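Asks: I have a structure here, written as structure tokens, and I will follow up with some questions on it.
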Amino acid sequence: MQSFGLPEMMVLTIVFLLIPLAALIMIYLVRSLQTKERLRAIEKGVSLPANGLDPWERAASIRHSGILSLAAGLGITALFIGIQMVSQVRAMTVLGLGVGAIPMLVGCGQLLEYWLRVRELRARRGA
């Protein structure tokens with residue numbers, strides 16, 4: 001079995017720090033743009049929806065996020081399995097399944113939320 005040396009560990013550490021940092025920066029920028037947009041709409045006197053999205057649009061957004069998370073998890077798993085096939089490092093398969101399981105389980109949770117939300121919206125419409 002091949003061990004990870006210092007350069008590989010530095011690269012892994014940098015990657016695992018930069019990805020969340022980039023995500024936080026993107027979330028901040030998107031939120032600030034949304035806030036500016038809402039303030040400009042309020043200044044012009046445009047009426048805004050209460051929560052910003054129609055319930056059916058919110059359900060579709062959750063479904064979209066769930067599908068993307070599942071696809072990301074499957075892609076990460078396939079990536080690590082491919083790396084294992086090329087490098088013959090057995091630890092890559094286990095690592096790939098472990099890392100790929102995170103977005104796959106998040107996607108499953110989002111799809112469950114979508115299913116429950118659609119069920120609730122249908123019950124409201126029928127009542």
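Chain labels follow the order of the structure tokens: the first chain is A, the next B, and so on; residue numbering restarts at 1 in every chain, and ligands are counted from 1 in their shown order.
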For Thr93 of chain A, please output as a count of residues only all residues within 10 Å (counting only C-alpha atoms; exclusion window: fewer than 3 positions along the same chain).
Replies: 16
Asks: Go through A:Arg125, A:Arg117, A:Ala101, A:Leu111 and flag the residue nearest Arg63 of chain A, using only C-alpha atoms for the distances.
Replies: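 When distances to Arg63 of chain A are compared using only C-alpha atoms, the smallest one comes from A:Leu111.
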Asks: Set the distance at 10 Å and use only C-alpha atoms: which residues neighbour Ala59 of chain A once local chain neighbours fewer than 4 positions away are removed? I'd like the list as a PyMOL selection string.
Replies: chain A and resi 53-55+63-65+110-111+113-118+121
